[in-house]
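Read the structure below first, then the notes.
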Amino acid sequence: MKPQALILTAALTLFSASTPADEFALNPQVKKVVDDVSEERIKAIIQHLVTFGTRNTMSNPDSPDHGVGAARQWILSEMKSYSPRLQVRFDKWHIRKNGQRIFKDIDLYNVVAVLPGKTMPETQVIVSGHYDSLNLGAQRPGAAAGPGSASDGPPAAIGERPTQSNWEANAELPAPGACDDGSGTAATMELARVMSQYEFDKTLVFIAFAGEEQGLVGSTLEATKAKEDKIEIEAVLNNDIIGTDISGNGRSDSSSVSIYSDTVMDSPSQNLARYAKLMGERYLPSMKVNIEFMQDRLGRGGDHTPFQLEGYAAVRLSTPNEIYANQHHATDTFENMSVPYTTRVAKINAAVMASLGLSPKAPAVMRLPGAGAGRGARGGDAPAPQLPATGRNPLPMVARGAGYDAVLQWRPAGSEAAIKGYTILMRPTTTPFWEREIYVGKVTTYTFKDVSVDDVRFGVKAIGADGTESLVSPYAYPPRQKATYDATYFQ
């Protein structure tokens, strides 16, 4: 393909955008997936989950109708019934006794359902919740309500569990866990049912974790194994506490959901959060996706965190309206949650997961040793300038060009057959969200005349032949590393 001359002045670059209309159109399959998510089925799942009395990971696993063993077996059987194309299994670990929370040796089971992809099966998109529940015991009279408040000590700080000696005694207490996290488990199971009726290019994975209440145990083991096995995980959408739209102080909002990423600007998790907001609000405009540039709520954690620590893009979806007094107590019941709200959040997940499942892989923007220039969009048939090598590798393929231009290069991360072209995104360095998009066609280099690379943040995304959009690859320089020298101070 002969490169076109697509030279934009700085003024045009900063104040206009040129994007194909179909990029913003609704994909029919994604829309159908979102529409298929059933409130009645989510309701039935949560109602059944609470019948197990407790799903505490430390509870008796041998009862056929009570406790963690019965719960995980039911989840497995349900997911197996959804479609013969869905590969459902237990991922099992033997956990040895480890302090108060894991007060005995146990066998931990994550329930995993895999929908293999057609053209990019090596790339996984994960949606998850945790099926275990917890009751920390009766709340001390007069204690301030908050996550982890308990009767055998002073109130814990918001978001922190108290130090206590009765984890073993509490293991068999009633712990319905309707909102925490029956809601996230039900959303995960319903998405497995709906999406297993369709085909996607990437592999979709649905996981119900155990051991979350003991310290993110199941997700930590799963993330560690994925990293060791060199599994390519593009995104993790973790759902935890997505079942209430009225908070403990009476605040009410059924039309928004919070999404937590991390605090590192343009990190993989922040890019995923931006994508989730874009697709979630596109397919469900009645919902607002509020991005929080925090790893989680203050002092708290979720099953997305271990995946972040292994370098994967992972976010948490959670209600902004929690009822702290019910969390980790017997009052976390079906009657104290909102199924319609859980369903709306599940639809947000469906839009994001389906969009990713059908989209191209994000372009690669980090330099390879000895890599040459790509196909240019600089003017005429002139090749793009070779970007200079530096001692700080890996580095993004962005340079100053003739000194006062911004020169971007990228390369496809997979097959180019299904890629129609690429869109460059821009924003000032002081803002967190992309403000301009410029479609540049099927090229792998682009030059902005008279645009300083110091004034603008750049990103690029691939556009599929059907208008689907990849995640954005930002041109983010890694932080400079501390240098050491073999030197001796003297006077």
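How things are named: the first chain in the structure tokens is A, the next is B, and so on; residues count from 1 in each chain; ligands count from 1 in the order shown.
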**Message:** Need the shell around Arg344 in chain A: protein/DNA/RNA residues with any atom at most 10 Å away, counting only C-alpha atoms. Skip same-chain ones fewer than 3 positions apart. Format as a ChimeraX atom specification?
**Reply:** /A:34,37-39,187,242-243,254-257,284,286-287,339-341,347-350
Save out the residues we just selected, all heavy atoms, as a short mmCIF file (atom, residue, chain, number, x, y, z; two decimals), in the first residue's frame.
```
data_model
loop_
_atom_site.label_atom_id
_atom_site.label_comp_id
_atom_site.auth_asym_id
_atom_site.auth_seq_id
_atom_site.Cartn_x
_atom_site.Cartn_y
_atom_site.Cartn_z
N VAL A 34 -25.02 -7.43 25.11
CA VAL A 34 -25.48 -6.56 26.20
C VAL A 34 -26.97 -6.74 26.45
O VAL A 34 -27.42 -6.86 27.60
CB VAL A 34 -25.14 -5.09 25.89
CG1 VAL A 34 -25.76 -4.16 26.92
CG2 VAL A 34 -23.64 -4.88 25.82
N VAL A 37 -28.17 -9.99 28.50
CA VAL A 37 -27.94 -10.16 29.93
C VAL A 37 -29.27 -10.07 30.67
O VAL A 37 -30.01 -9.09 30.54
CB VAL A 37 -26.94 -9.11 30.46
CG1 VAL A 37 -26.81 -9.19 31.97
CG2 VAL A 37 -25.58 -9.29 29.79
N SER A 38 -29.58 -11.09 31.44
CA SER A 38 -30.91 -11.25 32.03
C SER A 38 -30.93 -10.93 33.52
O SER A 38 -30.20 -11.53 34.31
CB SER A 38 -31.40 -12.69 31.82
OG SER A 38 -32.53 -12.97 32.61
N GLU A 39 -31.78 -9.98 33.90
CA GLU A 39 -31.97 -9.66 35.31
C GLU A 39 -32.55 -10.85 36.07
O GLU A 39 -32.16 -11.11 37.22
CB GLU A 39 -32.89 -8.44 35.45
CG GLU A 39 -33.14 -8.01 36.88
CD GLU A 39 -34.00 -6.77 36.97
OE1 GLU A 39 -33.84 -5.87 36.11
OE2 GLU A 39 -34.83 -6.69 37.91
N ALA A 187 -22.81 -11.93 38.14
CA ALA A 187 -22.50 -11.23 36.89
C ALA A 187 -21.55 -12.07 36.04
O ALA A 187 -21.74 -12.20 34.82
CB ALA A 187 -21.90 -9.86 37.19
N ILE A 242 -21.02 -5.22 43.67
CA ILE A 242 -21.75 -4.48 42.64
C ILE A 242 -23.26 -4.67 42.84
O ILE A 242 -24.01 -4.69 41.88
CB ILE A 242 -21.34 -4.93 41.22
CG1 ILE A 242 -21.55 -6.44 41.01
CG2 ILE A 242 -19.89 -4.58 40.95
CD1 ILE A 242 -21.44 -6.88 39.56
N GLY A 243 -23.68 -4.75 44.12
CA GLY A 243 -25.08 -5.10 44.38
C GLY A 243 -25.90 -4.09 45.14
O GLY A 243 -27.04 -4.39 45.50
N SER A 254 -28.42 4.82 41.14
CA SER A 254 -28.49 3.55 40.42
C SER A 254 -27.93 3.64 39.01
O SER A 254 -28.04 2.70 38.24
CB SER A 254 -29.95 3.08 40.35
OG SER A 254 -30.74 4.01 39.62
N SER A 255 -27.31 4.77 38.68
CA SER A 255 -26.88 4.98 37.29
C SER A 255 -25.38 5.23 37.16
O SER A 255 -24.94 5.81 36.17
CB SER A 255 -27.65 6.16 36.68
OG SER A 255 -27.40 7.35 37.41
N SER A 256 -24.59 4.79 38.13
CA SER A 256 -23.15 4.94 38.00
C SER A 256 -22.44 3.77 38.66
O SER A 256 -22.98 3.13 39.56
CB SER A 256 -22.67 6.26 38.62
OG SER A 256 -22.80 6.24 40.02
N VAL A 257 -21.23 3.50 38.19
CA VAL A 257 -20.38 2.47 38.77
C VAL A 257 -18.96 3.01 38.81
O VAL A 257 -18.54 3.78 37.93
CB VAL A 257 -20.45 1.16 37.95
CG1 VAL A 257 -19.93 1.36 36.53
CG2 VAL A 257 -19.69 0.03 38.63
N LEU A 284 -24.29 1.40 26.99
CA LEU A 284 -25.30 1.60 28.03
C LEU A 284 -25.24 3.05 28.47
O LEU A 284 -24.76 3.38 29.55
CB LEU A 284 -25.04 0.65 29.21
CG LEU A 284 -26.25 0.34 30.10
CD1 LEU A 284 -27.29 -0.45 29.33
CD2 LEU A 284 -25.82 -0.42 31.34
N SER A 286 -27.24 5.03 29.69
CA SER A 286 -27.93 5.40 30.92
C SER A 286 -27.04 5.24 32.15
O SER A 286 -27.40 5.69 33.24
CB SER A 286 -29.18 4.54 31.10
OG SER A 286 -28.85 3.16 31.20
N MET A 287 -25.87 4.60 31.98
CA MET A 287 -24.93 4.39 33.09
C MET A 287 -23.70 5.28 32.89
O MET A 287 -23.23 5.47 31.77
CB MET A 287 -24.48 2.94 33.17
CG MET A 287 -25.52 1.99 33.72
SD MET A 287 -25.76 2.20 35.51
CE MET A 287 -24.29 1.39 36.15
N VAL A 339 -30.89 -6.14 42.64
CA VAL A 339 -30.61 -6.95 41.45
C VAL A 339 -30.61 -6.10 40.18
O VAL A 339 -29.76 -6.30 39.30
CB VAL A 339 -31.59 -8.12 41.34
CG1 VAL A 339 -31.40 -8.88 40.03
CG2 VAL A 339 -31.41 -9.07 42.52
N PRO A 340 -31.54 -5.15 40.02
CA PRO A 340 -31.49 -4.32 38.82
C PRO A 340 -30.15 -3.58 38.67
O PRO A 340 -29.63 -3.46 37.56
CB PRO A 340 -32.65 -3.34 39.01
CG PRO A 340 -33.62 -4.09 39.87
CD PRO A 340 -32.76 -4.88 40.81
N TYR A 341 -29.59 -3.12 39.78
CA TYR A 341 -28.30 -2.43 39.70
C TYR A 341 -27.20 -3.41 39.30
O TYR A 341 -26.37 -3.10 38.43
CB TYR A 341 -27.95 -1.78 41.04
CG TYR A 341 -26.61 -1.09 41.02
CD1 TYR A 341 -26.46 0.14 40.38
CD2 TYR A 341 -25.49 -1.69 41.58
CE1 TYR A 341 -25.22 0.77 40.32
CE2 TYR A 341 -24.24 -1.07 41.53
CZ TYR A 341 -24.12 0.16 40.90
OH TYR A 341 -22.89 0.76 40.83
N LYS A 347 -24.08 -5.56 32.47
CA LYS A 347 -24.16 -5.12 31.07
C LYS A 347 -22.96 -4.27 30.69
O LYS A 347 -22.47 -4.33 29.55
CB LYS A 347 -25.46 -4.36 30.84
CG LYS A 347 -26.71 -5.24 30.81
CD LYS A 347 -27.98 -4.41 30.68
CE LYS A 347 -29.23 -5.28 30.61
NZ LYS A 347 -29.37 -5.93 29.28
N ILE A 348 -22.46 -3.45 31.62
CA ILE A 348 -21.23 -2.69 31.36
C ILE A 348 -20.09 -3.66 31.08
O ILE A 348 -19.33 -3.50 30.12
CB ILE A 348 -20.89 -1.78 32.56
CG1 ILE A 348 -21.94 -0.67 32.73
CG2 ILE A 348 -19.48 -1.20 32.41
CD1 ILE A 348 -21.89 0.40 31.67
N ASN A 349 -19.96 -4.69 31.93
CA ASN A 349 -18.94 -5.71 31.72
C ASN A 349 -19.10 -6.38 30.35
O ASN A 349 -18.12 -6.64 29.65
CB ASN A 349 -19.04 -6.78 32.81
CG ASN A 349 -18.38 -6.38 34.11
OD1 ASN A 349 -17.23 -6.70 34.37
ND2 ASN A 349 -19.13 -5.67 34.95
N ALA A 350 -20.34 -6.68 30.00
CA ALA A 350 -20.61 -7.35 28.72
C ALA A 350 -20.14 -6.51 27.55
O ALA A 350 -19.54 -7.01 26.60
CB ALA A 350 -22.10 -7.66 28.60
#
```
Enumerate, in order of chain and increasing residue number, the residues of range 413-436 of chain A with an atom no farther than 12 Å from range 258-267 of chain A, each with its shortest atom pair and distance in Å to one decimal, counting only C-alpha atoms, as CSV.
```
residue,atom,partner,partner_atom,distance
A:Arg427,CA,A:Asp266,CA,11.8
A:Thr429,CA,A:Met265,CA,10.3
A:Thr430,CA,A:Met265,CA,10.7
A:Thr431,CA,A:Met265,CA,10.1
A:Pro432,CA,A:Met265,CA,7.7
A:Phe433,CA,A:Asp266,CA,9.7
A:Trp434,CA,A:Asp266,CA,10.8
```
From a backbone DSSP assignment, name each residue in range 7-242 of chain A labelled helix (DSSP H, G or I), as a CSV table (one decimal) with N, CA and C atoms, in the first residue's frame.
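Wrote part13.csv, looks like this:
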```csv
chain,number,residue,atom,x,y,z
A,10,ALA,N,0.2,22.2,13.3
A,10,ALA,CA,0.0,22.1,14.8
A,10,ALA,C,-1.4,22.6,15.1
A,11,ALA,N,-1.8,23.6,14.5
A,11,ALA,CA,-3.2,24.1,14.8
A,11,ALA,C,-4.3,23.1,14.5
A,12,LEU,N,-4.2,22.6,13.3
A,12,LEU,CA,-5.2,21.6,12.9
A,12,LEU,C,-5.1,20.4,13.8
A,13,THR,N,-3.9,20.0,14.1
A,13,THR,CA,-3.8,18.8,15.0
A,13,THR,C,-4.5,19.0,16.3
A,14,LEU,N,-4.3,20.1,16.9
A,14,LEU,CA,-4.8,20.3,18.3
A,14,LEU,C,-6.3,20.7,18.3
A,15,PHE,N,-6.8,21.1,17.2
A,15,PHE,CA,-8.2,21.6,17.3
A,15,PHE,C,-9.2,20.9,16.4
A,21,ALA,N,-16.7,7.3,10.8
A,21,ALA,CA,-18.0,7.2,11.5
A,21,ALA,C,-18.2,5.9,12.1
A,22,ASP,N,-17.8,4.8,11.4
A,22,ASP,CA,-18.1,3.5,11.9
A,22,ASP,C,-17.4,3.1,13.2
A,23,GLU,N,-16.3,3.9,13.5
A,23,GLU,CA,-15.6,3.6,14.7
A,23,GLU,C,-16.5,3.9,16.0
A,24,PHE,N,-17.4,4.8,15.8
A,24,PHE,CA,-18.3,5.1,16.9
A,24,PHE,C,-19.7,4.5,16.8
A,28,PRO,N,-23.2,-4.7,16.1
A,28,PRO,CA,-24.4,-5.5,16.3
A,28,PRO,C,-24.2,-6.7,17.3
A,29,GLN,N,-23.1,-7.4,17.2
A,29,GLN,CA,-22.9,-8.5,18.1
A,29,GLN,C,-22.7,-8.1,19.6
A,30,VAL,N,-22.0,-7.0,19.8
A,30,VAL,CA,-21.8,-6.5,21.1
A,30,VAL,C,-23.1,-6.0,21.7
A,31,LYS,N,-23.9,-5.3,20.9
A,31,LYS,CA,-25.2,-4.8,21.4
A,31,LYS,C,-26.1,-6.0,21.7
A,32,LYS,N,-26.1,-7.1,20.9
A,32,LYS,CA,-26.9,-8.2,21.2
A,32,LYS,C,-26.5,-8.9,22.5
A,33,VAL,N,-25.2,-9.0,22.7
A,33,VAL,CA,-24.7,-9.6,24.0
A,33,VAL,C,-25.1,-8.7,25.2
A,34,VAL,N,-25.0,-7.4,25.1
A,34,VAL,CA,-25.5,-6.6,26.2
A,34,VAL,C,-27.0,-6.7,26.5
A,35,ASP,N,-27.7,-6.8,25.4
A,35,ASP,CA,-29.2,-6.9,25.5
A,35,ASP,C,-29.6,-8.3,26.1
A,36,ASP,N,-28.8,-9.3,25.9
A,36,ASP,CA,-29.1,-10.6,26.3
A,36,ASP,C,-28.9,-10.9,27.8
A,39,GLU,N,-31.8,-10.0,33.9
A,39,GLU,CA,-32.0,-9.7,35.3
A,39,GLU,C,-32.6,-10.8,36.1
A,40,GLU,N,-33.5,-11.6,35.5
A,40,GLU,CA,-34.1,-12.7,36.1
A,40,GLU,C,-33.1,-13.8,36.4
A,41,ARG,N,-32.1,-14.0,35.5
A,41,ARG,CA,-31.1,-15.1,35.7
A,41,ARG,C,-30.1,-14.6,36.8
A,42,ILE,N,-29.8,-13.4,36.8
A,42,ILE,CA,-28.9,-12.9,37.9
A,42,ILE,C,-29.6,-13.0,39.2
A,43,LYS,N,-30.8,-12.7,39.3
A,43,LYS,CA,-31.6,-12.8,40.5
A,43,LYS,C,-31.6,-14.3,41.0
A,44,ALA,N,-31.8,-15.2,40.1
A,44,ALA,CA,-31.9,-16.6,40.5
A,44,ALA,C,-30.5,-17.1,41.0
A,45,ILE,N,-29.5,-16.7,40.4
A,45,ILE,CA,-28.1,-17.1,40.8
A,45,ILE,C,-27.8,-16.6,42.2
A,46,ILE,N,-28.1,-15.3,42.5
A,46,ILE,CA,-27.8,-14.8,43.8
A,46,ILE,C,-28.7,-15.5,44.8
A,47,GLN,N,-30.0,-15.7,44.5
A,47,GLN,CA,-30.8,-16.3,45.5
A,47,GLN,C,-30.3,-17.7,45.8
A,48,HIS,N,-29.8,-18.4,44.8
A,48,HIS,CA,-29.3,-19.8,45.1
A,48,HIS,C,-28.0,-19.7,45.9
A,49,LEU,N,-27.1,-18.8,45.6
A,49,LEU,CA,-25.8,-18.7,46.3
A,49,LEU,C,-26.0,-18.5,47.8
A,50,VAL,N,-27.1,-17.7,48.2
A,50,VAL,CA,-27.2,-17.5,49.6
A,50,VAL,C,-27.8,-18.7,50.3
A,68,VAL,N,-18.7,-24.1,51.5
A,68,VAL,CA,-17.9,-23.7,50.3
A,68,VAL,C,-17.9,-24.9,49.3
A,69,GLY,N,-17.8,-26.1,49.7
A,69,GLY,CA,-17.8,-27.2,48.8
A,69,GLY,C,-19.0,-27.4,47.9
A,70,ALA,N,-20.2,-27.3,48.6
A,70,ALA,CA,-21.4,-27.3,47.8
A,70,ALA,C,-21.6,-26.2,46.9
A,71,ALA,N,-21.1,-25.0,47.3
A,71,ALA,CA,-21.2,-23.8,46.5
A,71,ALA,C,-20.4,-23.9,45.2
A,72,ARG,N,-19.2,-24.3,45.4
A,72,ARG,CA,-18.3,-24.4,44.2
A,72,ARG,C,-18.7,-25.5,43.2
A,73,GLN,N,-19.3,-26.6,43.7
A,73,GLN,CA,-19.8,-27.6,42.9
A,73,GLN,C,-21.0,-27.2,42.1
A,74,TRP,N,-21.8,-26.4,42.7
A,74,TRP,CA,-23.0,-25.9,42.0
A,74,TRP,C,-22.6,-24.9,40.9
A,75,ILE,N,-21.6,-24.0,41.2
A,75,ILE,CA,-21.2,-23.0,40.2
A,75,ILE,C,-20.6,-23.8,39.0
A,76,LEU,N,-19.8,-24.8,39.3
A,76,LEU,CA,-19.2,-25.6,38.2
A,76,LEU,C,-20.3,-26.2,37.4
A,77,SER,N,-21.3,-26.8,38.0
A,77,SER,CA,-22.3,-27.5,37.2
A,77,SER,C,-23.1,-26.6,36.4
A,78,GLU,N,-23.4,-25.4,37.0
A,78,GLU,CA,-24.2,-24.4,36.3
A,78,GLU,C,-23.4,-23.9,35.0
A,79,MET,N,-22.2,-23.6,35.2
A,79,MET,CA,-21.4,-23.1,34.0
A,79,MET,C,-21.2,-24.2,33.0
A,80,LYS,N,-21.2,-25.4,33.4
A,80,LYS,CA,-21.1,-26.5,32.4
A,80,LYS,C,-22.4,-26.7,31.6
A,167,TRP,N,-11.3,-16.3,64.0
A,167,TRP,CA,-11.6,-16.6,62.6
A,167,TRP,C,-12.1,-18.0,62.5
A,168,GLU,N,-11.5,-18.9,63.3
A,168,GLU,CA,-11.9,-20.3,63.2
A,168,GLU,C,-13.4,-20.5,63.7
A,169,ALA,N,-13.8,-19.8,64.8
A,169,ALA,CA,-15.1,-19.9,65.3
A,169,ALA,C,-16.1,-19.3,64.3
A,170,ASN,N,-15.7,-18.3,63.5
A,170,ASN,CA,-16.6,-17.6,62.6
A,170,ASN,C,-16.7,-18.3,61.3
A,178,ALA,N,-24.6,-11.9,49.8
A,178,ALA,CA,-25.4,-11.6,48.6
A,178,ALA,C,-24.7,-10.5,47.7
A,179,CYS,N,-24.3,-9.4,48.4
A,179,CYS,CA,-23.6,-8.4,47.6
A,179,CYS,C,-22.1,-8.6,47.5
A,180,ASP,N,-21.5,-9.1,48.6
A,180,ASP,CA,-20.1,-9.3,48.7
A,180,ASP,C,-19.8,-10.8,48.8
A,181,ASP,N,-19.6,-11.6,47.7
A,181,ASP,CA,-19.6,-11.0,46.4
A,181,ASP,C,-20.5,-11.9,45.5
A,182,GLY,N,-21.7,-12.2,46.1
A,182,GLY,CA,-22.7,-12.9,45.2
A,182,GLY,C,-23.0,-12.2,44.0
A,183,SER,N,-23.0,-10.8,44.1
A,183,SER,CA,-23.3,-10.0,43.0
A,183,SER,C,-22.3,-10.1,41.9
A,184,GLY,N,-21.0,-10.1,42.2
A,184,GLY,CA,-19.9,-10.2,41.2
A,184,GLY,C,-19.9,-11.6,40.6
A,185,THR,N,-20.1,-12.6,41.5
A,185,THR,CA,-20.2,-14.0,41.0
A,185,THR,C,-21.3,-14.2,40.0
A,186,ALA,N,-22.5,-13.7,40.3
A,186,ALA,CA,-23.7,-13.8,39.5
A,186,ALA,C,-23.4,-13.1,38.1
A,187,ALA,N,-22.8,-11.9,38.1
A,187,ALA,CA,-22.5,-11.2,36.9
A,187,ALA,C,-21.6,-12.1,36.0
A,188,THR,N,-20.5,-12.7,36.7
A,188,THR,CA,-19.6,-13.5,35.9
A,188,THR,C,-20.3,-14.7,35.3
A,189,MET,N,-21.1,-15.4,36.1
A,189,MET,CA,-21.8,-16.6,35.6
A,189,MET,C,-22.8,-16.2,34.4
A,190,GLU,N,-23.5,-15.1,34.6
A,190,GLU,CA,-24.4,-14.7,33.5
A,190,GLU,C,-23.7,-14.3,32.3
A,191,LEU,N,-22.5,-13.7,32.4
A,191,LEU,CA,-21.8,-13.4,31.2
A,191,LEU,C,-21.2,-14.6,30.5
A,192,ALA,N,-20.9,-15.6,31.3
A,192,ALA,CA,-20.4,-16.9,30.7
A,192,ALA,C,-21.6,-17.5,29.9
A,193,ARG,N,-22.8,-17.5,30.5
A,193,ARG,CA,-23.9,-18.0,29.8
A,193,ARG,C,-24.2,-17.3,28.5
A,194,VAL,N,-24.3,-16.0,28.6
A,194,VAL,CA,-24.6,-15.2,27.4
A,194,VAL,C,-23.6,-15.3,26.3
A,195,MET,N,-22.3,-15.1,26.7
A,195,MET,CA,-21.2,-15.0,25.7
A,195,MET,C,-20.8,-16.3,25.1
A,212,GLU,N,-10.8,-15.0,48.6
A,212,GLU,CA,-10.6,-13.5,48.6
A,212,GLU,C,-10.6,-12.9,50.0
A,213,GLU,N,-11.5,-13.4,50.8
A,213,GLU,CA,-11.6,-12.9,52.2
A,213,GLU,C,-10.5,-13.3,53.1
A,214,GLN,N,-9.6,-14.3,52.6
A,214,GLN,CA,-8.5,-14.6,53.4
A,214,GLN,C,-7.2,-13.9,52.9
A,217,VAL,N,-6.3,-14.9,48.1
A,217,VAL,CA,-5.5,-16.1,47.9
A,217,VAL,C,-5.7,-16.7,46.5
A,218,GLY,N,-7.0,-17.0,46.1
A,218,GLY,CA,-7.3,-17.6,44.9
A,218,GLY,C,-6.8,-16.8,43.7
A,219,SER,N,-7.0,-15.5,43.7
A,219,SER,CA,-6.6,-14.7,42.6
A,219,SER,C,-5.1,-14.6,42.5
A,220,THR,N,-4.4,-14.5,43.7
A,220,THR,CA,-2.9,-14.5,43.7
A,220,THR,C,-2.3,-15.7,43.1
A,221,LEU,N,-2.9,-16.9,43.4
A,221,LEU,CA,-2.4,-18.1,42.8
A,221,LEU,C,-2.6,-18.2,41.3
A,222,GLU,N,-3.8,-17.7,40.9
A,222,GLU,CA,-4.2,-17.8,39.5
A,222,GLU,C,-3.3,-16.8,38.7
A,223,ALA,N,-3.1,-15.6,39.2
A,223,ALA,CA,-2.2,-14.6,38.5
A,223,ALA,C,-0.8,-15.1,38.4
A,224,THR,N,-0.3,-15.6,39.5
A,224,THR,CA,1.1,-16.1,39.5
A,224,THR,C,1.3,-17.2,38.5
A,225,LYS,N,0.3,-18.2,38.5
A,225,LYS,CA,0.4,-19.3,37.5
A,225,LYS,C,0.4,-18.8,36.1
A,226,ALA,N,-0.5,-17.8,35.8
A,226,ALA,CA,-0.6,-17.2,34.5
A,226,ALA,C,0.7,-16.6,34.0
A,227,LYS,N,1.4,-15.9,35.0
A,227,LYS,CA,2.6,-15.3,34.6
A,227,LYS,C,3.7,-16.3,34.4
A,228,GLU,N,3.7,-17.3,35.2
A,228,GLU,CA,4.7,-18.4,35.1
A,228,GLU,C,4.5,-19.1,33.7
```
Exercise. Please run DSSP on the backbone and report, as number ranges by chain, all residues within range 84-232 of chain A that come out as strand (DSSP E or B).
Key: A: 87-95, 98, 102, 106-115, 120-130, 175, 202-209, 232
Minimum-distance residue to Gly467 in chain A, chosen among A:Pro360, A:Gly129, A:Pro84, A:Gly414 (using only C-alpha atoms) =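 Smallest distance to Gly467 in chain A is found for A:Pro360.
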Q. So which residues touch Tyr275 in chain A within 10 Å, counting only C-alpha atoms, skipping near sequence neighbours fewer than 4 positions away, as a ChimeraX atom specification?
A. /A:269-271,279-281,352,355-356,469-472
Residues near Asp454 in chain A, cut-off 10 Å, only C-alpha atoms, skip fewer than 3 positions along chain, as JSON, numbers by chain
{"A": [400, 406, 428, 429, 451, 457]}
